[in-house]
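What follows is the content of target.txt (compact mmCIF, C-alpha atoms).
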# COMPACT_ATOMS: atom_id res chain seq x y z
CA MET A 876 -29.25 -18.63 10.95
CA SER A 877 -26.91 -20.89 12.93
CA GLN A 878 -23.58 -19.65 14.17
CA GLN A 879 -21.88 -22.26 11.99
CA THR A 880 -23.65 -20.92 8.89
CA ARG A 881 -22.64 -17.36 9.85
CA ARG A 882 -19.03 -18.44 10.19
CA ARG A 883 -19.13 -20.14 6.79
CA GLU A 884 -20.53 -16.97 5.25
CA ARG A 885 -17.87 -14.79 6.88
CA LEU A 886 -15.18 -17.13 5.61
CA ARG A 887 -16.66 -16.98 2.12
CA ALA A 888 -16.65 -13.18 2.31
CA TRP A 889 -12.98 -13.25 3.37
CA LYS A 890 -12.11 -15.47 0.39
CA ILE A 891 -13.83 -12.99 -1.92
CA VAL A 892 -11.70 -10.16 -0.50
CA VAL A 893 -8.52 -12.17 -1.00
CA ARG A 894 -9.54 -13.05 -4.54
CA GLN A 895 -10.37 -9.43 -5.43
CA GLU A 896 -7.06 -8.20 -4.03
CA ALA A 897 -5.12 -10.95 -5.84
CA GLU A 898 -6.83 -10.03 -9.12
CA LYS A 899 -5.64 -6.44 -8.77
CA TYR A 900 -2.02 -7.54 -8.70
CA TRP A 901 -2.25 -10.38 -11.23
CA SER A 902 -1.12 -8.91 -14.53
CA PRO A 903 -3.82 -9.29 -17.22
CA GLY A 904 -1.68 -11.29 -19.64
CA GLN A 905 -0.46 -13.71 -17.00
CA LYS A 906 -1.96 -17.21 -17.16
CA ALA A 907 -2.63 -19.50 -14.25
CA ALA A 908 0.26 -21.84 -13.44
CA THR A 909 -0.20 -25.39 -14.65
CA GLY A 910 2.79 -27.02 -12.94
CA LEU A 911 3.57 -27.67 -9.31
CA ILE A 912 3.95 -24.62 -7.18
CA LEU A 913 5.22 -23.16 -3.93
CA LEU A 914 2.80 -20.84 -2.15
CA GLN A 915 4.58 -18.30 0.03
CA ILE A 916 2.49 -16.26 2.44
CA THR A 917 3.93 -13.61 4.72
CA TYR A 918 1.69 -12.07 7.31
CA PHE A 919 3.03 -8.71 8.47
CA TYR A 920 1.01 -8.15 11.61
CA ASP A 921 0.46 -5.34 14.01
CA SER A 922 1.51 -6.40 17.50
CA VAL A 923 -0.92 -9.30 17.93
CA ALA A 924 -0.96 -12.08 15.36
CA MET A 925 -3.36 -14.89 14.72
CA ASP A 926 -1.93 -18.37 14.23
CA VAL A 927 -0.45 -18.74 10.78
CA ASP A 928 -1.93 -22.20 10.21
CA ASN A 929 -5.42 -20.67 10.18
CA ILE A 930 -4.72 -18.31 7.33
CA VAL A 931 -3.44 -20.75 4.72
CA LYS A 932 -6.48 -22.68 3.54
CA PRO A 933 -8.84 -19.77 2.76
CA ILE A 934 -6.05 -18.04 0.82
CA GLN A 935 -5.14 -21.21 -1.02
CA ASP A 936 -8.79 -21.70 -2.04
CA ALA A 937 -9.35 -18.05 -2.95
CA ILE A 938 -6.78 -17.94 -5.73
CA ILE A 939 -7.75 -21.18 -7.49
CA GLY A 940 -8.40 -20.41 -11.15
CA LEU A 941 -6.30 -17.26 -10.95
CA ALA A 942 -2.81 -18.20 -9.80
CA TYR A 943 -3.19 -21.93 -10.48
CA ILE A 944 -5.79 -24.31 -11.88
CA ASP A 945 -6.30 -26.50 -8.86
CA ASP A 946 -4.99 -26.48 -5.32
CA ASP A 947 -3.52 -29.96 -5.71
CA GLN A 948 -0.71 -28.23 -7.66
CA VAL A 949 0.48 -26.75 -4.36
CA THR A 950 3.24 -29.06 -3.17
CA ASP A 951 5.02 -26.64 -0.87
CA ILE A 952 3.77 -23.93 1.42
CA LEU A 953 5.85 -21.40 3.30
CA VAL A 954 3.83 -19.39 5.80
CA ARG A 955 5.50 -16.82 7.97
CA LYS A 956 4.48 -14.04 10.28
CA ARG A 957 6.50 -10.99 11.16
CA ASN A 958 5.66 -8.29 13.67
CA LEU A 959 5.68 -4.79 12.19
CA SER A 960 6.78 -3.67 15.66
CA GLY A 961 9.61 -6.21 15.73
CA ASN A 962 13.00 -6.54 14.07
CA PHE A 963 13.45 -8.01 10.62
CA LYS A 964 15.01 -7.30 7.26
CA VAL A 965 13.44 -7.46 3.81
CA GLU A 966 16.39 -8.12 1.52
CA ASN A 967 14.58 -7.47 -1.69
CA MET A 968 11.91 -4.81 -1.45
CA THR A 969 9.62 -5.01 -4.44
CA SER A 970 7.15 -2.26 -5.24
CA THR A 971 4.28 -4.63 -4.39
CA LEU A 972 5.76 -5.26 -0.97
CA ALA A 973 6.41 -1.54 -0.53
CA GLU A 974 2.75 -0.92 -1.29
CA GLY A 975 1.88 -3.26 1.56
CA PHE A 976 4.07 -1.28 3.93
CA SER A 977 2.62 1.94 2.55
CA ARG A 978 -0.84 1.01 3.82
CA GLY A 979 0.31 1.53 7.39
CA ASN A 980 -1.57 -1.49 8.72
CA GLU A 981 -1.06 -5.21 8.88
CA PHE A 982 -1.10 -6.94 5.51
CA LEU A 983 -0.58 -10.25 3.73
CA HIS A 984 2.01 -10.74 1.00
CA ILE A 985 1.30 -13.74 -1.21
CA VAL A 986 3.74 -15.10 -3.76
CA VAL A 987 3.17 -18.03 -6.09
CA ILE A 988 6.33 -19.55 -7.52
CA GLU A 989 7.42 -22.72 -9.21
CA ALA A 990 7.82 -25.53 -6.68
CA PRO A 991 11.36 -26.45 -5.65
CA ASP A 992 13.06 -29.68 -6.71
CA LYS A 993 10.72 -32.43 -5.56
CA GLU A 994 13.40 -35.08 -5.39
CA VAL A 995 15.61 -33.32 -2.88
CA LEU A 996 14.46 -32.25 0.54
CA ILE A 997 16.63 -29.96 2.57
CA MET B 187 17.55 15.65 21.38
CA ALA B 188 17.16 12.70 19.04
CA THR B 189 14.16 10.53 19.89
CA PRO B 190 14.77 7.04 21.29
CA THR B 191 13.46 5.61 18.02
CA ALA B 192 15.85 7.74 15.95
CA ASN B 193 18.73 6.58 18.14
CA LEU B 194 17.70 2.99 17.69
CA GLU B 195 17.52 3.36 13.91
CA ARG B 196 20.94 4.98 13.84
CA GLU B 197 22.45 2.25 15.99
CA ARG B 198 20.98 -0.41 13.70
CA LEU B 199 22.35 1.42 10.65
CA LEU B 200 25.84 1.51 12.15
CA GLN B 201 25.60 -2.17 12.97
CA LEU B 202 24.54 -2.97 9.40
CA ALA B 203 27.41 -0.89 8.03
CA GLU B 204 29.80 -2.98 10.09
CA GLU B 205 28.28 -6.21 8.83
CA TYR B 206 28.52 -5.10 5.20
CA ARG B 207 32.10 -3.86 5.62
CA ASP B 208 33.05 -7.26 7.04
CA LYS B 209 31.66 -8.83 3.88
CA GLY B 210 33.82 -6.56 1.72
CA TYR B 211 31.24 -3.96 0.72
CA GLU B 212 32.05 -0.29 0.33
CA VAL B 213 29.68 1.65 2.59
CA SER B 214 28.32 5.13 2.03
CA PHE B 215 26.10 6.78 4.68
CA HIS B 216 23.49 9.32 3.62
CA PRO B 217 25.19 9.87 0.26
CA ASN B 218 24.98 13.35 -1.25
CA PRO B 219 22.74 13.76 -4.32
CA GLU B 220 25.78 14.37 -6.56
CA ASP B 221 27.18 10.97 -5.57
CA LEU B 222 24.00 9.18 -6.55
CA PRO B 223 23.02 7.81 -9.97
CA ASP B 224 20.39 9.85 -11.84
CA PHE B 225 17.49 7.60 -10.90
CA LEU B 226 18.17 8.17 -7.20
CA ARG B 227 18.65 11.93 -7.32
CA ASN B 228 15.29 12.60 -5.68
CA TYR B 229 15.97 10.26 -2.78
CA ARG B 230 18.10 10.47 0.31
CA PRO B 231 18.91 6.83 1.16
CA ASP B 232 20.12 6.00 4.66
CA MET B 233 22.98 3.98 3.21
CA ILE B 234 24.26 2.51 -0.03
CA VAL B 235 26.63 -0.42 -0.07
CA ARG B 236 28.49 -1.66 -3.13
CA ARG B 237 30.59 -4.67 -4.01
CA GLY B 238 31.54 -5.37 -7.62
CA ASP B 239 28.41 -5.04 -9.75
CA GLU B 240 26.09 -5.29 -6.79
CA ALA B 241 24.57 -2.19 -5.21
CA VAL B 242 22.17 -2.21 -2.28
CA ILE B 243 20.09 0.69 -1.03
CA ILE B 244 19.36 0.33 2.66
CA GLU B 245 16.62 2.09 4.59
CA VAL B 246 16.19 1.56 8.31
CA LYS B 247 12.72 2.25 9.65
CA SER B 248 10.69 1.60 12.74
CA ARG B 249 6.96 1.27 13.19
CA ARG B 250 6.97 4.83 14.45
CA SER B 251 8.98 6.37 11.63
CA LEU B 252 6.92 4.55 9.04
CA ASN B 253 4.54 7.51 8.74
CA SER B 254 2.53 8.46 5.68
CA SER B 255 5.28 10.49 3.99
CA SER B 256 7.98 7.86 4.53
CA ARG B 257 5.65 5.14 3.30
CA GLN B 258 5.13 6.99 0.03
CA TYR B 259 8.90 7.51 -0.21
CA LEU B 260 9.54 3.77 0.22
CA GLN B 261 7.02 2.87 -2.42
CA ASN B 262 8.47 5.30 -4.96
CA LEU B 263 11.99 4.17 -4.16
CA ALA B 264 11.07 0.49 -4.57
CA GLN B 265 9.55 1.27 -7.97
CA SER B 266 12.66 3.15 -9.10
CA VAL B 267 15.03 0.43 -7.92
CA GLU B 268 13.06 -2.33 -9.63
CA GLN B 269 13.79 -0.75 -12.99
CA HIS B 270 17.56 -0.89 -12.49
CA PRO B 271 19.30 -4.26 -12.75
CA GLY B 272 22.19 -4.75 -10.36
CA TRP B 273 20.44 -2.71 -7.70
CA ARG B 274 18.33 -3.99 -4.85
CA PHE B 275 16.49 -2.32 -2.03
CA GLU B 276 16.75 -3.61 1.51
CA LEU B 277 14.28 -2.46 4.16
CA VAL B 278 15.36 -3.05 7.74
CA MET B 279 12.68 -2.77 10.41
CA THR B 280 13.89 -2.09 13.91
CA ASN B 281 11.73 -1.33 16.93
CA PRO B 282 12.21 -0.80 20.65
CA GLU B 283 11.45 -3.90 22.69
CA ASP B 284 7.93 -4.03 24.11
CA ALA B 285 6.93 -0.81 22.41
CA VAL B 286 3.68 -0.89 20.52
CA TYR B 287 3.13 2.06 18.28
CA SER B 288 -0.10 2.88 16.63
CA PRO B 289 0.33 3.76 12.98
CA LYS B 290 -2.04 6.63 13.76
CA ALA B 291 0.27 8.11 16.41
CA GLU B 292 2.18 11.14 15.21
CA SER B 293 4.23 12.67 17.98
CA SER B 294 4.20 13.15 21.72
CA LEU B 295 2.13 15.95 23.28
CA GLN B 296 4.08 19.09 24.12
CA GLN B 297 3.89 21.21 27.28
CA PRO B 298 1.10 23.68 26.33
CA GLU B 299 -1.05 20.83 24.98
CA ILE B 300 -0.58 18.84 28.17
CA GLU B 301 -1.45 21.85 30.34
CA THR B 302 -4.69 22.48 28.46
CA ARG B 303 -5.69 18.83 28.62
CA LEU B 304 -4.92 18.61 32.34
CA GLN B 305 -7.63 21.22 32.92
CA VAL B 306 -10.06 19.01 31.00
CA ALA B 307 -8.99 16.03 33.12
CA ARG B 308 -9.63 18.08 36.28
CA GLN B 309 -13.19 18.82 35.16
CA LEU B 310 -13.71 15.22 34.18
CA ALA B 311 -12.60 14.04 37.63
CA THR B 312 -15.60 15.66 39.33
CA GLN B 313 -18.09 13.46 37.50
CA HIS B 314 -16.10 10.56 36.10
CA PRO B 315 -12.96 9.79 38.12
CA GLU B 316 -12.33 6.50 36.29
CA ALA B 317 -12.31 8.15 32.87
CA ALA B 318 -10.30 11.02 34.32
CA ILE B 319 -7.53 8.75 35.60
CA LEU B 320 -7.13 7.12 32.18
CA TYR B 321 -6.91 10.51 30.51
CA SER B 322 -4.66 11.97 33.20
CA TRP B 323 -2.30 9.02 32.94
CA SER B 324 -1.81 9.60 29.22
CA LEU B 325 -0.88 13.21 30.02
CA VAL B 326 1.48 12.06 32.76
CA GLU B 327 3.27 9.78 30.30
CA ALA B 328 3.72 12.62 27.83
CA THR B 329 5.03 14.78 30.69
CA LEU B 330 7.49 12.10 31.80
CA ARG B 331 8.86 11.85 28.28
CA LEU B 332 9.42 15.61 28.30
CA VAL B 333 11.23 15.30 31.63
CA ALA B 334 13.41 12.51 30.24
CA GLU B 335 14.18 14.63 27.19
CA ARG B 336 15.02 17.62 29.34
CA GLU B 337 17.39 15.46 31.41
CA GLY B 338 19.08 14.18 28.26
CA MET B 339 18.17 10.60 29.09
CA SER B 340 18.42 7.91 26.45
CA LEU B 341 15.34 5.73 26.74
CA GLN B 342 15.59 2.21 25.35
CA ARG B 343 11.87 1.61 25.76
CA LEU B 344 8.79 3.74 26.01
CA ASP B 345 6.39 1.66 28.09
CA SER B 346 5.07 3.42 31.19
CA LEU B 347 6.58 1.16 33.84
CA TYR B 348 10.05 1.44 32.32
CA LEU B 349 9.64 5.19 31.98
CA VAL B 350 8.69 5.75 35.63
CA LYS B 351 11.43 3.44 36.95
CA GLN B 352 14.11 4.94 34.74
CA LEU B 353 13.21 8.46 35.85
CA VAL B 354 13.43 7.63 39.54
CA ILE B 355 16.67 5.66 39.12
CA GLU B 356 18.29 8.61 37.39
CA GLY B 357 16.94 11.05 39.98
CA ALA B 358 14.73 12.94 37.54
CA ILE B 359 11.71 12.42 39.80
CA SER B 360 11.58 12.08 43.59
CA ARG B 361 10.78 8.89 45.51
CA PRO B 362 7.38 10.23 46.72
CA GLU B 363 6.52 11.19 43.12
CA TYR B 364 7.56 7.71 42.03
CA GLN B 365 5.32 6.11 44.65
CA LEU B 366 2.36 8.24 43.67
CA LEU B 367 2.87 7.43 39.98
CA MET B 368 3.18 3.70 40.66
CA ASP B 369 -0.07 3.71 42.64
CA ALA B 370 -1.81 5.63 39.88
CA LEU B 371 -0.39 3.29 37.25
CA SER B 372 -1.83 0.27 38.98
CA LEU B 373 -5.24 1.97 39.15
CA ARG B 374 -4.96 3.03 35.53
CA ASN B 375 -4.11 -0.54 34.47
CA ALA B 376 -7.06 -1.98 36.36
CA ILE B 377 -9.48 0.44 34.70
CA ALA B 378 -7.90 0.16 31.26
CA HIS B 379 -8.33 -3.61 31.31
CA GLY B 380 -11.91 -3.66 32.55
CA PHE B 381 -11.41 -4.45 36.23
CA LYS B 382 -13.27 -2.76 39.07
CA ALA B 383 -11.12 -0.18 40.82
CA THR B 384 -12.91 0.53 44.06
CA GLN B 385 -10.11 2.63 45.55
CA ILE B 386 -10.44 5.38 43.01
CA THR B 387 -11.63 8.78 44.26
CA GLN B 388 -11.78 12.26 42.88
CA GLU B 389 -8.89 13.05 45.22
CA SER B 390 -6.63 10.34 43.73
CA VAL B 391 -7.13 11.86 40.28
CA TYR B 392 -6.35 15.34 41.58
CA GLN B 393 -3.13 14.06 43.13
CA LEU B 394 -2.05 12.66 39.80
CA ILE B 395 -2.95 15.87 37.98
CA ASP B 396 -1.11 17.93 40.64
CA SER B 397 1.92 15.75 40.18
CA ALA B 398 1.90 16.25 36.40
CA GLU B 399 1.48 20.01 36.83
CA HIS B 400 4.36 20.08 39.31
CA LEU B 401 6.63 18.25 36.84
CA LEU B 402 5.62 20.65 34.06
CA LYS B 403 6.42 23.59 36.33
CA THR B 404 9.91 22.24 37.03
CA LEU B 405 10.42 21.89 33.28
CA GLN B 406 9.42 25.50 32.86
CA VAL B 407 11.77 26.64 35.63
CA SER B 408 14.74 24.73 34.27
CA ALA B 409 14.05 26.06 30.74
CA GLU B 410 14.04 29.63 32.08
CA ALA B 411 17.26 29.03 34.02
CA ASP B 412 19.08 28.01 30.79
Show me, as structure tokens, the structure contained in the file I just sent.
Amino acid sequence: MSQQTRRRERLRAWKIVVRQEAEKYWSPGQKAATGLILLQITYFYDSVAMDVDNIVKPIQDAIIGLAYIDDDQVTDILVRKRNLSGNFKVENMTSTLAEGFSRGNEFLHIVVIEAPDKEVLI
Amino acid sequence: MATPTANLERERLLQLAEEYRDKGYEVSFHPNPEDLPDFLRNYRPDMIVRRGDEAVIIEVKSRRSLNSSSRQYLQNLAQSVEQHPGWRFELVMTNPEDAVYSPKAESSLQQPEIETRLQVARQLATQHPEAAILYSWSLVEATLRLVAEREGMSLQRLDSLYLVKQLVIEGAISRPEYQLLMDALSLRNAIAHGFKATQITQESVYQLIDSAEHLLKTLQVSAEAD
């Protein structure tokens, strides 16, 4: 098996993990969004972070059919990383976010929300 | 003595209180259970700030204080707050600069634990001086923190270089001790990061262990003198 094939397989396995985790938090009655959306990903890392641009695409692909129908609905992406050993403030702690902190390790927090006004850029 | 992390959290809390007061909020530190609404009776928030209909529960944590019990506390608190409109929960993370804490770390080794482990390091030195210096250094660091605590020093950081320098500057360790520790630190760093350390001998490990034992003895003497 080539190294490239191995990498593809590992990436596929990672997408499955993301999908399974997302399904746990997606309430059963909630339908996939049909409009344009903003994907917000926060990577709370432990001391050493990977580049944030590398984490977006697999996550975006993994939740197709769950959070939205197709990834062309994603018009805006906000990707951030914060060091758990750094200084920052979470102004609105939700229980989902608290569960992330409760794991004691680095974690990803993914939020799918309606896209902002497309006619005004700030 | 409060730990450096606890001091840092307290300083951050005071700073936040100031910021909220400036914005016109009424600030209440560690409110008593009787001053809390029913849904918060089982909690002991660091601070609550209020302005008009808005109420904010503020918890200040660091990587180190985010242990398993506090993590469960945060999760329960977040769930309780979510059910109460007008309330929000703010988590403020604050950490010493350059300090990297493992979530698995609990607390620093204490004197009897260090003494026992130094004997293990001494045995290890006869066969494996490289492994022994890594182990001995970890015991030295724990010892230096005890010395700093004993001297009532307020440490802003916990990394080893800062620790050694701060102790010599404040006169808690002697210049020859400082020199020995710096030499050992450079050896320790080389080994820890996979470089060949040809200078290492059984004797250099023993010197480091002797130094740690000497510092522990002075701790003992000063404790008895109190």
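If all atoms listed in the file are the atoms counted, then among B:Lys351, B:Arg331, B:Lys382, B:Arg249 the closest residue to chain A is B:Arg249.
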How would you write as a ChimeraX atom specification the residues that get within 6 Å of (-8.9, -16.6, -1.3) in the file's frame, counting only C-alpha atoms? /A:890,893-894,933-938
For the interface of chain B with chain A (cut-off 12 Å, counting only C-alpha atoms), please tabulate each contacting residue of chain B alongside its nearest pair of atoms and their separation in Å to one decimal, rows sorted by chain and increasing number, as a tab-separated table.
residue	atom	partner	partner_atom	distance
B:Thr191	CA	A:Ser960	CA	11.7
B:Leu194	CA	A:Asn962	CA	11.2
B:Glu195	CA	A:Asn962	CA	10.9
B:Arg198	CA	A:Asn962	CA	10.1
B:Leu199	CA	A:Lys964	CA	11.9
B:Leu202	CA	A:Lys964	CA	10.7
B:Ala241	CA	A:Asn967	CA	11.8
B:Val242	CA	A:Glu966	CA	9.1
B:Ile243	CA	A:Met968	CA	9.9
B:Ile244	CA	A:Glu966	CA	9.0
B:Glu245	CA	A:Lys964	CA	9.9
B:Val246	CA	A:Lys964	CA	9.0
B:Lys247	CA	A:Asn962	CA	9.8
B:Ser248	CA	A:Ser960	CA	7.2
B:Arg249	CA	A:Ser960	CA	5.5
B:Arg250	CA	A:Ser960	CA	8.6
B:Ser251	CA	A:Gly979	CA	10.8
B:Leu252	CA	A:Gly979	CA	7.5
B:Asn253	CA	A:Gly979	CA	7.4
B:Ser254	CA	A:Ser977	CA	7.2
B:Ser255	CA	A:Ser977	CA	9.1
B:Ser256	CA	A:Ser977	CA	8.2
B:Arg257	CA	A:Ser977	CA	4.5
B:Gln258	CA	A:Ser977	CA	6.2
B:Tyr259	CA	A:Ser977	CA	8.8
B:Leu260	CA	A:Ala973	CA	6.2
B:Gln261	CA	A:Ala973	CA	4.8
B:Asn262	CA	A:Ser970	CA	7.7
B:Leu263	CA	A:Ser970	CA	8.1
B:Ala264	CA	A:Ser970	CA	4.8
B:Gln265	CA	A:Ser970	CA	5.1
B:Ser266	CA	A:Ser970	CA	8.6
B:Val267	CA	A:Thr969	CA	8.4
B:Glu268	CA	A:Thr969	CA	6.8
B:Gln269	CA	A:Ser970	CA	10.3
B:Gly272	CA	A:Asn967	CA	11.9
B:Trp273	CA	A:Asn967	CA	9.6
B:Arg274	CA	A:Asn967	CA	6.0
B:Phe275	CA	A:Met968	CA	5.2
B:Glu276	CA	A:Glu966	CA	4.5
B:Leu277	CA	A:Val965	CA	5.1
B:Val278	CA	A:Lys964	CA	4.3
B:Met279	CA	A:Asn962	CA	5.3
B:Thr280	CA	A:Asn962	CA	4.5
B:Asn281	CA	A:Gly961	CA	5.5
B:Pro282	CA	A:Gly961	CA	7.8
B:Glu283	CA	A:Gly961	CA	7.6
B:Asp284	CA	A:Ser960	CA	8.5
B:Ala285	CA	A:Ser960	CA	7.3
B:Val286	CA	A:Ser960	CA	6.4
B:Tyr287	CA	A:Ser960	CA	7.3
B:Ser288	CA	A:Asp921	CA	8.6
B:Pro289	CA	A:Gly979	CA	6.0
B:Lys290	CA	A:Gly979	CA	8.5
B:Ala291	CA	A:Gly979	CA	11.2
Could you list, as a list in words, every residue within 10 Å of Leu332 (chain B), counting all atoms listed in the file and ignoring same-chain residues fewer than 5 positions away? Ser294, Leu295, Gln296, Gln297, Val326, Glu327, Glu337, Gly338, Leu401, Leu402 and Leu405 of chain B
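Near region 385-394 of chain B, within 6 Å and counting all atoms listed in the file, sit Ala311, Pro315, Ile319, Ala383, Asp396 and Ser397 of chain B, not including residues fewer than 2 positions from it in the same chain.
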For a cut-off of 9 Å around (-0.5, -21.1, -10.0), file coordinates, pick out all residues using all atoms listed in the file and list them as a JSON list (two decimals) with C-alpha atoms, in the coordinates of the input.
[["chain", "number", "residue", "atom", "x", "y", "z"],
["A", 906, "LYS", "CA", -1.96, -17.21, -17.16],
["A", 907, "ALA", "CA", -2.63, -19.50, -14.25],
["A", 908, "ALA", "CA", 0.26, -21.84, -13.44],
["A", 909, "THR", "CA", -0.20, -25.39, -14.65],
["A", 910, "GLY", "CA", 2.79, -27.02, -12.94],
["A", 911, "LEU", "CA", 3.57, -27.67, -9.31],
["A", 912, "ILE", "CA", 3.95, -24.62, -7.18],
["A", 913, "LEU", "CA", 5.22, -23.16, -3.93],
["A", 914, "LEU", "CA", 2.80, -20.84, -2.15],
["A", 938, "ILE", "CA", -6.78, -17.94, -5.73],
["A", 939, "ILE", "CA", -7.75, -21.18, -7.49],
["A", 940, "GLY", "CA", -8.40, -20.41, -11.15],
["A", 941, "LEU", "CA", -6.30, -17.26, -10.95],
["A", 942, "ALA", "CA", -2.81, -18.20, -9.80],
["A", 943, "TYR", "CA", -3.19, -21.93, -10.48],
["A", 944, "ILE", "CA", -5.79, -24.31, -11.88],
["A", 945, "ASP", "CA", -6.30, -26.50, -8.86],
["A", 946, "ASP", "CA", -4.99, -26.48, -5.32],
["A", 948, "GLN", "CA", -0.71, -28.23, -7.66],
["A", 949, "VAL", "CA", 0.48, -26.75, -4.36],
["A", 987, "VAL", "CA", 3.17, -18.03, -6.09],
["A", 988, "ILE", "CA", 6.33, -19.55, -7.52],
["A", 989, "GLU", "CA", 7.42, -22.72, -9.21]]
